[in-house]
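Trainee: Structure file upload-v8.cif (mmCIF, C-alpha atoms and all ligand atoms) right here:
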data_model
loop_
_atom_site.label_atom_id
_atom_site.label_comp_id
_atom_site.auth_asym_id
_atom_site.auth_seq_id
_atom_site.Cartn_x
_atom_site.Cartn_y
_atom_site.Cartn_z
CA MET R 242 50.98 36.22 22.72
CA ALA R 243 52.10 34.03 25.58
CA PHE R 244 50.57 35.01 28.91
CA ASP R 245 53.16 35.39 31.68
CA PRO R 246 51.37 35.76 35.04
CA LEU R 247 54.49 37.28 36.62
CA GLN R 248 54.34 40.19 34.17
CA GLU R 249 50.59 40.89 34.44
CA ARG R 250 48.98 43.31 36.88
CA GLY R 251 46.27 41.91 39.11
CA ILE R 252 43.61 43.43 41.35
CA PRO R 253 45.11 44.99 44.54
CA LEU R 254 44.39 42.79 47.57
CA ASP R 255 42.41 45.50 49.38
CA GLU R 256 40.00 45.67 46.41
CA GLN R 257 39.31 41.92 46.31
CA LEU R 258 36.78 41.62 49.14
CA ARG R 259 33.17 41.03 48.00
CA ASN R 260 29.98 41.78 49.93
CA TRP R 261 27.17 39.24 50.33
CA ARG R 262 25.33 40.52 47.31
CA GLU R 263 28.38 40.12 45.09
CA LEU R 264 29.03 36.62 46.43
CA ASN R 265 25.45 35.58 45.81
CA VAL R 266 26.02 34.26 42.29
CA THR R 267 23.18 32.98 40.13
CA PRO R 268 23.61 29.21 39.63
CA ILE R 269 23.81 27.62 36.20
CA ASP R 270 20.67 26.05 34.74
CA PRO R 271 21.33 22.29 34.98
CA ASP R 272 19.16 21.51 31.94
CA ALA R 273 20.61 24.15 29.64
CA ALA R 274 24.24 24.38 30.78
CA ASP R 275 27.17 22.88 28.90
CA PRO R 276 28.23 19.81 30.96
CA TYR R 277 31.80 21.00 30.66
CA THR R 278 30.85 24.32 32.29
CA ARG R 279 29.76 22.26 35.30
CA CYS R 280 33.04 20.33 35.08
CA ARG R 281 35.04 23.58 35.15
CA ILE R 282 33.06 24.75 38.20
CA ILE R 283 33.76 21.49 40.05
CA THR R 284 37.45 21.63 39.10
CA MET R 285 37.86 25.20 40.35
CA ASN R 286 36.06 24.37 43.57
CA GLY R 287 38.62 21.63 44.17
CA ILE R 288 41.43 24.07 43.43
CA GLU R 289 40.06 26.74 45.79
CA VAL R 290 39.45 24.22 48.58
CA GLU R 291 43.07 23.12 48.19
CA ALA R 292 44.19 26.79 48.27
CA VAL R 293 42.33 27.33 51.54
CA MET R 294 43.50 24.10 53.19
CA PHE R 295 47.09 24.51 52.04
CA SER R 296 47.15 28.03 53.52
CA HIS R 297 45.76 26.73 56.82
CA HIS R 298 48.49 24.07 56.96
CA ALA R 299 51.16 26.65 56.11
CA ALA R 300 49.84 28.93 58.87
CA ARG R 301 49.99 26.08 61.39
CA HIS R 302 53.69 25.69 60.60
CA CYS R 303 54.44 29.40 60.70
CA SER R 304 55.70 31.18 63.82
CA ASP R 305 55.95 34.71 62.39
CA PRO R 306 52.75 36.61 63.25
CA ASP R 307 53.21 39.07 60.37
CA VAL R 308 53.48 36.25 57.85
CA LYS R 309 50.48 34.52 59.43
CA ARG R 310 48.49 37.74 58.93
CA ARG R 311 49.57 37.95 55.30
CA LEU R 312 48.49 34.32 54.77
CA VAL R 313 45.07 34.86 56.29
CA GLN R 314 44.42 38.01 54.27
CA VAL R 315 44.83 36.04 51.06
CA ARG R 316 43.12 32.96 52.50
CA TYR R 317 39.97 34.92 53.27
CA ILE R 318 39.78 35.87 49.60
CA GLU R 319 40.44 32.28 48.49
CA SER R 320 37.58 31.26 50.72
CA GLN R 321 35.29 33.82 49.11
CA GLN R 322 36.37 32.58 45.69
CA GLN R 323 35.46 29.04 46.74
CA LYS R 324 31.98 30.23 47.72
CA ALA R 325 31.44 32.13 44.48
CA VAL R 326 32.59 29.15 42.41
CA ASN R 327 30.83 26.30 44.18
CA TRP R 328 27.60 28.27 44.54
CA LEU R 329 27.35 28.30 40.75
CA LEU R 330 26.05 24.74 41.15
CA PRO R 331 22.27 24.64 41.33
CA GLY R 332 20.60 23.15 44.38
CA SER R 333 18.14 21.37 42.11
CA SER R 334 20.66 18.63 41.26
CA SER R 335 20.61 15.58 43.50
CA VAL R 336 23.70 14.42 45.37
CA LEU R 337 23.97 11.49 42.97
CA GLU R 338 23.75 13.77 39.93
CA THR R 339 26.57 15.87 41.34
CA THR R 340 28.51 12.67 42.02
CA ILE R 341 28.20 11.65 38.37
CA ALA R 342 29.47 15.09 37.37
CA TYR R 343 32.45 14.66 39.74
CA GLU R 344 33.38 11.40 38.02
CA GLN R 345 32.99 13.04 34.62
CA VAL R 346 35.49 15.66 35.79
CA ALA R 347 37.85 12.92 36.96
CA VAL R 348 37.63 11.17 33.58
CA ASP R 349 38.00 14.09 31.19
CA LEU R 350 40.39 16.20 33.30
CA THR R 351 42.72 13.28 34.06
CA ALA R 352 42.60 12.09 30.44
CA TRP R 353 43.57 15.59 29.27
CA VAL R 354 46.44 15.74 31.75
CA ALA R 355 47.62 12.25 30.76
CA ARG R 356 47.66 13.31 27.11
CA MET R 357 49.65 16.50 27.82
CA GLU R 358 52.05 15.19 30.49
CA PRO R 359 55.65 15.18 29.18
CA ASP R 360 57.18 12.83 31.82
CA PRO R 361 56.49 9.14 31.00
CA TYR R 362 56.36 8.01 34.65
CA LEU R 363 53.86 10.73 35.57
CA LYS R 364 51.86 10.08 32.41
CA GLN R 365 51.55 6.43 33.43
CA ALA R 366 50.15 7.49 36.82
CA TYR R 367 47.36 9.48 35.14
CA GLN R 368 46.62 6.76 32.59
CA PHE R 369 46.39 4.25 35.41
CA GLY R 370 44.06 6.36 37.53
CA VAL R 371 41.69 7.50 34.79
CA LEU R 372 40.51 3.95 34.08
CA GLU R 373 39.33 3.71 37.68
CA ASP R 374 37.29 6.89 37.80
CA PHE R 375 35.90 5.86 34.42
CA ASP R 376 34.59 2.72 36.11
CA HIS R 377 33.18 4.69 39.06
CA LEU R 378 31.11 6.71 36.59
CA TYR R 379 29.56 3.47 35.31
CA ARG R 380 28.79 2.15 38.82
CA TYR R 381 27.17 5.42 39.93
CA ALA R 382 25.23 5.67 36.66
CA ASN R 383 23.68 2.28 37.40
CA LEU R 384 22.84 3.35 40.93
CA TYR R 385 21.26 6.50 39.49
CA GLU R 386 19.04 4.58 37.09
CA MET R 387 18.04 2.20 39.85
CA ILE R 388 17.17 4.66 42.62
CA GLU R 389 16.34 7.89 40.78
CA HIS R 390 14.95 6.26 37.61
CA ARG R 391 16.92 8.53 35.34
CA LYS R 392 19.73 8.05 32.91
CA ALA R 393 23.22 9.48 33.26
CA ASP R 394 23.30 10.73 29.64
CA LYS R 395 21.12 13.58 30.93
CA ILE R 396 24.20 14.67 32.91
CA VAL R 397 27.22 13.65 30.81
CA ASP R 398 25.40 14.46 27.56
CA ARG R 399 27.17 11.83 25.41
CA LEU R 400 30.47 13.72 25.81
CA THR R 401 31.82 10.94 28.04
CA GLU R 402 31.00 7.26 27.56
CA VAL R 403 29.61 5.21 30.43
CA MET R 404 30.75 1.58 30.52
CA PRO R 405 33.06 -0.62 32.58
CA GLY R 406 36.65 0.50 33.11
CA ARG R 407 39.05 -1.35 35.39
CA PRO R 408 36.42 -2.93 37.65
CA THR R 409 36.12 -1.06 40.95
CA TYR R 410 36.63 -4.16 43.13
CA LEU R 411 40.17 -4.41 41.69
CA HIS R 412 41.01 -0.89 42.92
CA HIS R 413 41.40 -2.04 46.52
CA ARG R 414 45.17 -2.37 46.72
CA ASP R 415 47.39 -2.70 49.76
CA PRO R 416 47.90 0.93 50.88
CA VAL R 417 51.69 0.78 50.44
CA ASP R 418 51.23 0.07 46.75
CA ASN R 419 49.54 3.44 46.28
CA VAL R 420 52.69 5.46 47.01
CA ARG R 421 54.37 6.60 43.79
CA ARG R 422 57.86 7.98 43.19
CA PRO R 423 57.95 11.83 43.18
CA TYR R 424 59.28 13.96 40.36
CA GLU R 425 62.50 15.87 41.09
CA ARG R 426 61.75 19.55 41.53
CA SER R 427 65.07 20.69 40.05
CA ARG R 428 64.66 18.65 36.89
CA THR R 429 60.95 18.44 36.19
CA GLU R 430 59.10 20.45 33.56
CA PRO R 431 57.02 23.21 35.20
CA LEU R 432 53.91 21.76 33.52
CA SER R 433 54.37 18.48 35.43
CA ARG R 434 54.18 20.31 38.76
CA LEU R 435 50.93 21.99 37.72
CA HIS R 436 49.41 18.70 36.56
CA ALA R 437 50.16 16.94 39.84
CA LEU R 438 48.70 19.80 41.89
CA THR R 439 45.54 19.95 39.79
CA ILE R 440 44.74 16.25 39.85
CA THR R 441 45.56 15.92 43.56
CA ALA R 442 43.16 18.77 44.32
CA ALA R 443 40.42 17.26 42.16
CA GLU R 444 40.72 13.81 43.74
CA GLN R 445 40.89 15.28 47.22
CA GLN R 446 37.60 17.11 46.81
CA THR R 447 36.01 13.93 45.45
CA MET R 448 37.29 12.01 48.47
CA ASN R 449 35.92 14.69 50.82
CA PHE R 450 32.61 14.83 48.97
CA TYR R 451 31.96 11.07 49.20
CA MET R 452 32.95 10.86 52.85
CA ASN R 453 30.41 13.57 53.63
CA VAL R 454 27.48 12.83 51.33
CA GLY R 455 27.63 9.00 51.39
CA PRO R 456 25.62 8.69 54.61
CA LEU R 457 23.01 11.22 53.38
CA HIS R 458 21.55 8.37 51.32
CA MET R 459 18.93 6.04 52.75
CA GLU R 460 19.13 3.12 50.31
CA PRO R 461 21.56 0.50 51.69
CA ILE R 462 23.21 -0.12 48.29
CA ALA R 463 23.84 3.62 47.83
CA ARG R 464 25.39 3.95 51.30
CA GLN R 465 27.61 0.93 50.63
CA LEU R 466 28.68 2.05 47.15
CA TYR R 467 29.77 5.46 48.47
CA GLN R 468 31.81 3.75 51.17
CA GLU R 469 33.53 1.51 48.66
CA ILE R 470 34.29 4.22 46.09
CA GLY R 471 35.13 6.68 48.89
CA MET R 472 37.92 4.33 49.93
CA VAL R 473 39.23 4.26 46.36
CA GLU R 474 39.34 8.06 46.29
CA GLU R 475 41.51 7.89 49.41
CA GLU R 476 43.85 5.68 47.38
CA HIS R 477 43.76 8.14 44.49
CA VAL R 478 44.74 11.07 46.70
CA THR R 479 47.72 9.06 47.97
CA HIS R 480 48.63 8.03 44.42
CA TYR R 481 48.65 11.58 43.03
CA GLU R 482 49.97 13.55 46.00
CA SER R 483 53.01 11.25 46.20
CA LEU R 484 54.04 12.44 42.72
CA VAL R 485 54.92 15.88 44.14
CA ASP R 486 58.52 16.41 45.29
CA PRO R 487 58.32 16.72 49.10
CA GLY R 488 61.55 18.75 49.05
CA GLU R 489 59.72 21.91 47.96
CA SER R 490 59.74 24.54 50.72
CA TRP R 491 56.43 25.94 52.01
CA TRP R 492 57.10 29.11 49.97
CA GLU R 493 57.83 27.22 46.80
CA MET R 494 54.65 25.19 47.32
CA LEU R 495 52.68 28.39 47.90
CA LEU R 496 54.12 29.89 44.73
CA ASN R 497 53.17 26.78 42.74
CA HIS R 498 49.65 26.85 44.14
CA GLU R 499 49.08 30.48 43.13
CA PHE R 500 50.66 29.96 39.72
CA ASN R 501 48.42 26.96 39.13
CA GLU R 502 45.34 28.99 40.07
CA CYS R 503 46.38 31.60 37.50
CA TYR R 504 46.90 28.85 34.92
CA LEU R 505 43.51 27.25 35.45
CA TYR R 506 41.46 30.46 35.62
CA HIS R 507 43.22 31.63 32.47
CA SER R 508 42.56 28.26 30.79
CA PHE R 509 38.88 28.31 31.66
CA MET R 510 38.51 31.95 30.67
CA GLU R 511 39.81 30.99 27.24
CA THR R 512 37.57 27.94 26.83
CA GLU R 513 34.35 28.86 28.71
CA THR R 514 31.13 28.85 26.66
CA ASP R 515 28.88 30.58 29.25
CA PRO R 516 29.65 34.34 29.26
CA ARG R 517 28.40 34.83 32.82
CA VAL R 518 30.62 32.08 34.19
CA ARG R 519 33.48 33.32 32.02
CA ALA R 520 33.25 36.71 33.76
CA ILE R 521 33.85 34.96 37.10
CA TRP R 522 36.92 33.15 35.74
CA GLU R 523 38.25 36.49 34.52
CA LEU R 524 37.61 38.27 37.82
CA HIS R 525 39.27 35.47 39.78
CA LEU R 526 42.26 35.47 37.44
CA GLY R 527 42.73 39.16 38.28
CA MET R 528 42.77 38.25 41.97
CA GLU R 529 45.16 35.33 41.52
CA LEU R 530 47.73 37.47 39.71
CA GLU R 531 48.01 39.53 42.88
CA HIS R 532 48.12 36.39 45.09
CA LEU R 533 50.98 35.18 42.92
CA ARG R 534 52.85 38.46 43.29
CA LEU R 535 52.45 38.31 47.09
CA ALA R 536 53.56 34.65 47.19
CA GLY R 537 56.57 35.69 45.10
CA GLU R 538 57.51 38.27 47.75
CA LEU R 539 57.43 35.62 50.49
CA PHE R 540 59.40 33.24 48.28
CA LYS R 541 62.10 35.86 47.65
CA ARG R 542 62.28 36.74 51.32
CA PHE R 543 62.42 33.23 52.79
CA ASP R 544 63.87 31.12 49.96
CA GLY R 545 66.25 33.79 48.69
CA ARG R 546 65.41 32.99 45.08
CA ASP R 547 63.39 34.67 42.34
CA PRO R 548 60.05 33.19 41.28
CA GLU R 549 61.33 33.15 37.67
CA GLN R 550 63.84 30.49 38.73
CA VAL R 551 61.13 27.92 39.48
CA LEU R 552 58.04 28.94 37.48
CA ALA R 553 57.29 28.46 33.80
CA PRO R 554 58.19 31.53 31.70
CA ALA R 555 54.58 31.65 30.41
CA LEU R 556 51.41 29.64 30.75
CA PRO R 557 51.27 26.29 28.93
CA PRO R 558 48.37 25.66 26.47
CA PRO R 559 44.99 25.91 28.24
CA VAL R 560 43.59 22.96 30.17
CA THR R 561 40.61 22.01 28.04
CA PHE R 562 37.52 19.94 28.78
CA GLU R 563 36.76 17.89 25.68
CA SER R 564 35.76 14.34 24.80
CA ASN R 565 38.43 11.72 25.31
CA LYS R 566 36.46 8.72 24.08
CA GLY R 567 39.08 7.33 21.69
CA TYR R 568 41.87 7.86 24.21
CA ILE R 569 39.96 6.04 26.98
CA ARG R 570 39.13 3.18 24.62
CA ASP R 571 42.82 2.80 23.73
CA LEU R 572 43.74 2.72 27.43
CA LEU R 573 41.06 0.11 28.08
CA THR R 574 42.57 -2.07 25.39
CA THR R 575 46.12 -1.79 26.73
CA GLN R 576 45.90 -1.15 30.51
CA VAL R 577 42.65 -2.45 31.96
CA ASP R 578 44.40 -5.36 33.76
CA VAL R 579 47.25 -3.32 35.29
CA THR R 580 47.78 -2.95 39.05
CA THR R 581 50.58 -1.45 41.16
CA LEU R 582 53.47 -3.08 43.01
CA GLY R 583 55.60 -0.71 45.06
CA THR R 584 56.11 2.39 42.93
CA GLY R 585 55.72 0.45 39.66
CA TYR R 586 53.00 -1.25 37.63
CA VAL R 587 52.43 -4.95 36.94
CA ARG R 588 49.81 -7.14 35.28
CA GLU R 589 49.65 -10.07 37.67
CA ALA R 590 47.68 -10.20 40.91
CA HIS R 591 50.67 -10.35 43.27
CA GLU R 592 50.55 -11.75 46.78
CA ARG R 593 50.07 -8.45 48.64
CA PHE R 594 47.26 -7.48 46.28
CA THR R 595 45.49 -10.81 46.72
CA ARG R 596 45.80 -10.63 50.49
CA MET R 597 44.27 -7.15 50.54
CA GLN R 598 41.45 -8.25 48.25
CA GLN R 599 40.55 -11.17 50.49
CA ALA R 600 40.70 -9.06 53.64
CA VAL R 601 38.52 -6.25 52.34
CA MET R 602 35.89 -8.39 50.54
CA GLY R 603 35.24 -10.60 53.57
CA GLY R 604 34.13 -13.44 51.29
CA GLU R 605 31.26 -11.46 49.80
CA GLU R 606 30.52 -9.62 46.63
CA PRO R 607 31.40 -5.92 46.86
CA PRO R 608 28.77 -3.16 46.48
CA SER R 609 30.27 -2.06 43.13
CA GLU R 610 29.32 -5.46 41.63
CA ARG R 611 25.99 -5.77 43.40
CA VAL R 612 24.83 -2.39 42.11
CA ILE R 613 25.13 -3.65 38.52
CA GLU R 614 23.32 -6.90 39.26
CA ASP R 615 20.59 -5.11 41.17
CA ASN R 616 20.03 -2.69 38.33
CA ARG R 617 19.96 -5.53 35.80
CA ALA R 618 17.28 -7.22 37.89
CA ILE R 619 15.19 -4.06 38.10
CA SER R 620 15.74 -2.44 34.69
CA GLY R 621 16.13 -5.64 32.66
CA ARG R 622 19.71 -4.69 31.67
CA GLU R 623 22.57 -2.67 33.06
CA TYR R 624 23.04 0.98 32.13
CA ARG R 625 25.73 1.85 29.60
CA LEU R 626 26.31 4.74 27.23
CA GLU R 627 28.46 3.33 24.44
CA THR R 628 28.38 6.03 21.77
CA GLU R 629 31.33 4.69 19.79
CA GLY R 630 30.29 1.06 19.42
CA PRO R 631 30.61 -1.98 21.66
CA HIS R 632 33.04 -2.06 24.58
CA PRO R 633 36.59 -2.60 23.28
CA VAL R 634 37.45 -5.42 25.70
CA GLY R 635 35.48 -7.96 27.68
CA VAL R 636 35.66 -6.92 31.32
CA ARG R 637 35.17 -9.62 33.91
CA LEU R 638 32.23 -8.53 35.98
CA THR R 639 32.45 -10.82 38.98
CA PRO R 640 35.39 -11.30 41.32
FE FE P 1 41.99 31.18 44.59
FE FE P 2 36.21 8.20 41.22
FE FE P 3 39.38 9.21 41.75
FE FE P 4 45.09 32.24 45.10
#
Could you rewrite the structure in this file as structure tokens?

Mentor:
Amino acid sequence: MAFDPLQERGIPLDEQLRNWRELNVTPIDPDAADPYTRCRIITMNGIEVEAVMFSHHAARHCSDPDVKRRLVQVRYIESQQQKAVNWLLPGSSSVLETTIAYEQVAVDLTAWVARMEPDPYLKQAYQFGVLEDFDHLYRYANLYEMIEHRKADKIVDRLTEVMPGRPTYLHHRDPVDNVRRPYERSRTEPLSRLHALTITAAEQQTMNFYMNVGPLHMEPIARQLYQEIGMVEEEHVTHYESLVDPGESWWEMLLNHEFNECYLYHSFMETETDPRVRAIWELHLGMELEHLRLAGELFKRFDGRDPEQVLAPALPPPVTFESNKGYIRDLLTTQVDVTTLGTGYVREAHERFTRMQQAVMGGEEPPSERVIEDNRAISGREYRLETEGPHPVGVRLTP
């Protein structure tokens, strides 16, 4: 039976508040947990942070005090949801271990979305981006071996390969070449709207995470690598957010946000392997159904349309964390040397790209290359996790 969030009853808003004891969730055991449970936690944290920040921005553009009060009532609950979700992560993991998990999310979530995306232009945007986060995973895994003397397969558990993607130094494009063409809200498939919201939220939390935790490291190479990859995540947020039609009203955007939260909690409820975490996805789904209903009321009142006119009639197939090794290898073979020019994609290093590269490198080797060389010097070889055989293409390792 298809699940239609507009037809389901949620938890009434005045029953959604949790006390401190209820918010004090027991974290997952990092050694025993399914890596994809951790990936779902990180994804939902990104989604809840986006829900909170979007609501703040909406409130700042809203002059009606009653509507502002309605927004904050829901926002307070979103904020509690964010706490419950993110506090499932155990404090015993290092910042770098969490970083590696963030990049695993970026790889397997974006690959899934790329595979499911119906619009070819949007699909290309995800295929393009995933090869970059795939490379970040490899750079951080080498940093991890070098400074924490551990191997990333302890975190990614052979579900995701670790090897070069599109080399990170090639991600530094002129900012104007990161702006994509948006979908058209009247013509796009509802699934495409959900995809763009999800990946934007995931990249945004990664960007925020690196800008905050980068300077918590003491090792110079770690501090520099977080700066470099942090700048790429800024590019990724621009790349993905520009896919969304800016012509959506605040109320349509709110409606899409709440619908997407329903979609993802429902997806993760269906696919979660840890029963305790699954219970949280189910509880939060019950809350989101009510958020969606309330957003629908605002949409009807201010946009004069029915939510059914813009939302999918039922939820699409669940967003699923699974291995994408073959898919990534195919993309490496066909797209590793692609860059952007304007809103399109090209294979040659055009003039604006070359100028940006020269300006940002300052005539030196970037941290993302040095980290590999440094680890080779210390460990006798670089770190890779190639479970499916040798790397499909030779990737140039020095600029
Ligand atoms: Fe939420
Ligand atoms: Fe990344
Ligand atoms: Fe990214
Ligand atoms: Fe919500």

Trainee: Please provide as a PyMOL selection string all residues within 8 Å of stretch 490-497 of chain R, with the sequence filter that same-chain residues fewer than 6 positions apart are discarded (counting only C-alpha atoms).

Mentor: chain R and resi 295-296+299+434-435+533+536-537+539-540+543-544+548+552

Trainee: For ligand FE 2 (chain P), return the neighbouring residues as number ranges by chain (distance at most 10 Å; all atoms listed in the file).

Mentor: R: 340-341, 343-348, 370-378, 380-381, 409, 444, 447-448, 451, 470-475, 477

Trainee: Could you check the closest approach to ligand FE 1 (chain P) for each of R:Gln445, R:Thr278, R:Gln321, R:Gln314 and tell me which residue wins, using all atoms listed in the file?

Mentor: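 The shortest atom-to-atom distance to ligand FE 1 (chain P) comes from R:Gln321.
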
Trainee: Per residue of chain R within 8 Å of ligand FE 1 (chain P), note the shortest atom pair and the distance in Å to one decimal, counting all atoms listed in the file, and order the rows by chain and increasing residue number, as a tab-separated table.

Mentor:
residue	atom	partner	partner_atom	distance
R:Ile288	CA	P:FE1	FE	7.2
R:Glu289	CA	P:FE1	FE	5.0
R:Ala292	CA	P:FE1	FE	6.1
R:Val293	CA	P:FE1	FE	8.0
R:Ile318	CA	P:FE1	FE	7.2
R:Glu319	CA	P:FE1	FE	4.3
R:Ser320	CA	P:FE1	FE	7.6
R:Gln322	CA	P:FE1	FE	5.9
R:Gln323	CA	P:FE1	FE	7.2
R:Glu499	CA	P:FE1	FE	7.3
R:Glu502	CA	P:FE1	FE	6.0
R:His525	CA	P:FE1	FE	7.0
R:Met528	CA	P:FE1	FE	7.6
R:Glu529	CA	P:FE1	FE	6.1

Trainee: Which one is closest to R:Lys324: R:Ile521, R:Asn449, R:Ser609, R:Pro408? Count all atoms listed in the file.

Mentor: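 Smallest separation from R:Lys324 among the options: R:Ile521.
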
Trainee: So the first atom is atom CA of R:Ile619 and the second is atom CA of R:Lys395; what is the distance between them in Å, to one decimal place?

Mentor: 19.9 Å

Trainee: What does the distance between atom CA of R:Thr580 and atom CA of R:Val612 come to in Å, to one decimal place?

Mentor: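 That distance, rounded to one decimal, is 23.2 Å.
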
Trainee: Could you name the residues that touch R:Gly332 at 9 Å or less, counting all atoms listed in the file, but leaving out those on the same chain fewer than 3 positions away, as an MDAnalysis selection string?

Mentor: chainID R and resid 268 328 335

Trainee: Show me, as JSON, numbers by chain, the residues that have an atom within 8 Å of R:Arg625 when counting all atoms listed in the file, minus same-chain residues fewer than 2 positions from it.

Mentor: {"R": [379, 402, 403, 404, 623, 627]}

Trainee: Check the smallest atom-to-atom distance from each of R:Trp261, R:Tyr385, R:Tyr504, R:Phe594 to ligand FE 4 (chain P) using all atoms listed in the file, then report the winner.

Mentor: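 Nearest candidate to ligand FE 4 (chain P) out of R:Trp261, R:Tyr385, R:Tyr504, R:Phe594: R:Tyr504.
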
Trainee: Quick one: of R:Ala243, R:Cys303, R:Leu484, R:Ile440, who's nearest to ligand FE 3 (chain P), counting all atoms listed in the file?

Mentor: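 When distances to ligand FE 3 (chain P) are compared using all atoms listed in the file, the smallest one comes from R:Ile440.
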
Trainee: How would stretch 256-271 of chain R look written as a PDB file, in the first residue's frame with N, CA, C and O atoms?

Mentor:
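Okay, this is what ended up in decode_32.pdb:
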ATOM      1  N   GLU R 256       1.259  17.400  21.878  1.00  0.00           N
ATOM      2  CA  GLU R 256       1.764  16.168  22.511  1.00  0.00           C
ATOM      3  C   GLU R 256       3.177  15.821  22.033  1.00  0.00           C
ATOM      4  O   GLU R 256       3.687  14.730  22.289  1.00  0.00           O
ATOM      5  N   GLN R 257       3.818  16.742  21.316  1.00  0.00           N
ATOM      6  CA  GLN R 257       5.123  16.413  20.725  1.00  0.00           C
ATOM      7  C   GLN R 257       6.318  16.798  21.609  1.00  0.00           C
ATOM      8  O   GLN R 257       7.429  16.343  21.382  1.00  0.00           O
ATOM      9  N   LEU R 258       6.075  17.661  22.586  1.00  0.00           N
ATOM     10  CA  LEU R 258       7.191  18.128  23.421  1.00  0.00           C
ATOM     11  C   LEU R 258       7.750  16.993  24.273  1.00  0.00           C
ATOM     12  O   LEU R 258       6.998  16.226  24.856  1.00  0.00           O
ATOM     13  N   ARG R 259       9.095  16.871  24.332  1.00  0.00           N
ATOM     14  CA  ARG R 259       9.734  15.846  25.170  1.00  0.00           C
ATOM     15  C   ARG R 259      10.478  16.501  26.331  1.00  0.00           C
ATOM     16  O   ARG R 259      11.021  17.595  26.179  1.00  0.00           O
ATOM     17  N   ASN R 260      10.493  15.814  27.485  1.00  0.00           N
ATOM     18  CA  ASN R 260      11.285  16.325  28.609  1.00  0.00           C
ATOM     19  C   ASN R 260      12.742  15.880  28.452  1.00  0.00           C
ATOM     20  O   ASN R 260      13.099  15.137  27.538  1.00  0.00           O
ATOM     21  N   TRP R 261      13.595  16.337  29.362  1.00  0.00           N
ATOM     22  CA  TRP R 261      15.038  16.064  29.224  1.00  0.00           C
ATOM     23  C   TRP R 261      15.335  14.575  29.230  1.00  0.00           C
ATOM     24  O   TRP R 261      16.213  14.102  28.517  1.00  0.00           O
ATOM     25  N   ARG R 262      14.589  13.863  30.044  1.00  0.00           N
ATOM     26  CA  ARG R 262      14.824  12.412  30.123  1.00  0.00           C
ATOM     27  C   ARG R 262      14.511  11.745  28.784  1.00  0.00           C
ATOM     28  O   ARG R 262      15.261  10.903  28.295  1.00  0.00           O
ATOM     29  N   GLU R 263      13.421  12.175  28.170  1.00  0.00           N
ATOM     30  CA  GLU R 263      13.044  11.574  26.881  1.00  0.00           C
ATOM     31  C   GLU R 263      14.017  11.967  25.753  1.00  0.00           C
ATOM     32  O   GLU R 263      14.232  11.207  24.810  1.00  0.00           O
ATOM     33  N   LEU R 264      14.586  13.150  25.879  1.00  0.00           N
ATOM     34  CA  LEU R 264      15.550  13.599  24.850  1.00  0.00           C
ATOM     35  C   LEU R 264      16.910  12.944  25.014  1.00  0.00           C
ATOM     36  O   LEU R 264      17.722  12.920  24.086  1.00  0.00           O
ATOM     37  N   ASN R 265      17.161  12.419  26.192  1.00  0.00           N
ATOM     38  CA  ASN R 265      18.480  11.879  26.515  1.00  0.00           C
ATOM     39  C   ASN R 265      18.619  10.470  25.949  1.00  0.00           C
ATOM     40  O   ASN R 265      18.608   9.489  26.673  1.00  0.00           O
ATOM     41  N   VAL R 266      18.743  10.365  24.645  1.00  0.00           N
ATOM     42  CA  VAL R 266      18.790   9.067  23.964  1.00  0.00           C
ATOM     43  C   VAL R 266      20.114   8.343  24.254  1.00  0.00           C
ATOM     44  O   VAL R 266      21.131   8.986  24.521  1.00  0.00           O
ATOM     45  N   THR R 267      20.068   7.036  24.213  1.00  0.00           N
ATOM     46  CA  THR R 267      21.301   6.253  24.369  1.00  0.00           C
ATOM     47  C   THR R 267      21.991   6.173  23.004  1.00  0.00           C
ATOM     48  O   THR R 267      21.375   5.770  22.021  1.00  0.00           O
ATOM     49  N   PRO R 268      23.278   6.567  22.935  1.00  0.00           N
ATOM     50  CA  PRO R 268      23.954   6.552  21.627  1.00  0.00           C
ATOM     51  C   PRO R 268      24.167   5.128  21.101  1.00  0.00           C
ATOM     52  O   PRO R 268      24.140   4.160  21.863  1.00  0.00           O
ATOM     53  N   ILE R 269      24.386   5.037  19.806  1.00  0.00           N
ATOM     54  CA  ILE R 269      24.711   3.735  19.209  1.00  0.00           C
ATOM     55  C   ILE R 269      26.119   3.327  19.637  1.00  0.00           C
ATOM     56  O   ILE R 269      26.954   4.167  19.968  1.00  0.00           O
ATOM     57  N   ASP R 270      26.367   2.040  19.612  1.00  0.00           N
ATOM     58  CA  ASP R 270      27.700   1.501  19.922  1.00  0.00           C
ATOM     59  C   ASP R 270      28.522   1.543  18.628  1.00  0.00           C
ATOM     60  O   ASP R 270      28.194   0.847  17.666  1.00  0.00           O
ATOM     61  N   PRO R 271      29.583   2.365  18.585  1.00  0.00           N
ATOM     62  CA  PRO R 271      30.287   2.561  17.312  1.00  0.00           C
ATOM     63  C   PRO R 271      30.932   1.277  16.790  1.00  0.00           C
ATOM     64  O   PRO R 271      31.154   1.143  15.586  1.00  0.00           O
TER      65      PRO R 271
END
